[in-house]
Amino acid sequence: MDEAKLEIRSCPKCGAAAKATADEFDIGVVCPKCGEAGVFPKAASDGPPVARPVHGVAGEASASGTSADDAVSTIIPYKNAAALIAYYLAVFSLIPCIGLFLGIAAFICGIIGLRKAKAMPSAKGKVHAWIGIIVGGLFALVWLAAIIWVIVNMNANRYWAR
Ligand SMILES: [Zn+2]
């Protein structure tokens, strides 16, 4: 059997590409995709066989279903808990004093959420994770600066009081 004699023809039923010799195609082969057995007609052109979209309707239906699910999980990343927690921690990091700890927690949860969103794009939550990182991180720094400022001022007052 000469390997060079192998041809690629498309299945007359589903359009899937099948590899066999010209003789095998003319006698009859079994489609690797749909299992249709029969004579595969010789391709009209020498170019690669083009798969016909027989399952187009079913494919469109499932695609629209996925995009609808995507839209919902973009608004509420229910599959990415870390990103959602980061978002809420960031909101509560606006509260003075405890905001420092909530901001740090939001920052950490945001990084976890962002990693999850990158590893699993279907989980979403990238925006929520970024809000956690930026807002949480910013307010953690603000409250940290405020605490340092208070401590420095207290020391300064003590210094001047002496
Ligand atoms: Zn087929």
# chains A, B, ... in the order shown; residues from 1 in each chain; ligands from 1
>>> residues_near_ligand(ligand="ligand 1", cutoff="9 Å", atoms="only C-alpha atoms and all ligand atoms", output="list in words")
Ser10, Cys11, Pro12, Lys13, Cys14, Gly15, Ala16, Ala17, Ala18, Val30, Cys31, Pro32, Lys33, Cys34, Gly35, Glu36 and Ala37 of chain A
>>> residues_around(residues="Ala86 in chain A", least_positions_apart="4", cutoff="12 Å", atoms="only C-alpha atoms", output="count of residues only")
34
>>> residues_around(residues="Val39 in chain A", least_positions_apart="4", cutoff="8 Å", atoms="only C-alpha atoms", output="MDAnalysis selection string")
chainID A and resid 25:29
>>> closest_residue(among="A:Leu100, A:Ile151, A:Ala117, A:Ile8", to="Ser73 in chain A", atoms="only C-alpha atoms")
A:Ala117
>>> select_by_dssp(residues="range 3-44 of chain A", states="strand (DSSP E)", output="ChimeraX atom specification")
/A:6-10,17-21,29-30,37-38
>>> write_last_selection(atoms="C-alpha atoms", output="PDB file, in the first residue's frame")
ATOM      1  CA  LEU A   6      -4.355   8.320   0.170  1.00  0.00           C
ATOM      2  CA  GLU A   7      -6.988  10.908  -0.656  1.00  0.00           C
ATOM      3  CA  ILE A   8      -9.171  13.145   1.458  1.00  0.00           C
ATOM      4  CA  ARG A   9     -12.806  13.261   0.428  1.00  0.00           C
ATOM      5  CA  SER A  10     -15.787  14.710   2.216  1.00  0.00           C
ATOM      6  CA  ALA A  17     -13.266  14.724   5.806  1.00  0.00           C
ATOM      7  CA  ALA A  18     -12.313  11.050   5.442  1.00  0.00           C
ATOM      8  CA  LYS A  19      -8.911   9.686   4.439  1.00  0.00           C
ATOM      9  CA  ALA A  20      -8.653   6.585   2.260  1.00  0.00           C
ATOM     10  CA  THR A  21      -7.344   5.473  -1.131  1.00  0.00           C
ATOM     11  CA  VAL A  29     -15.984   3.598   3.105  1.00  0.00           C
ATOM     12  CA  VAL A  30     -17.468   4.385   6.531  1.00  0.00           C
ATOM     13  CA  ALA A  37     -21.210   3.841   4.821  1.00  0.00           C
ATOM     14  CA  GLY A  38     -21.096   4.224   1.080  1.00  0.00           C
TER      15      GLY A  38
END
>>> closest_residue(among="A:Ala22, A:Ala140, A:Met120, A:Leu94", to="Lys79 in chain A", atoms="only C-alpha atoms")
A:Met120
>>> atom_distance(atom1="CA of Val150 in chain A", atom2="CA of Tyr88 in chain A")
27.2 Å
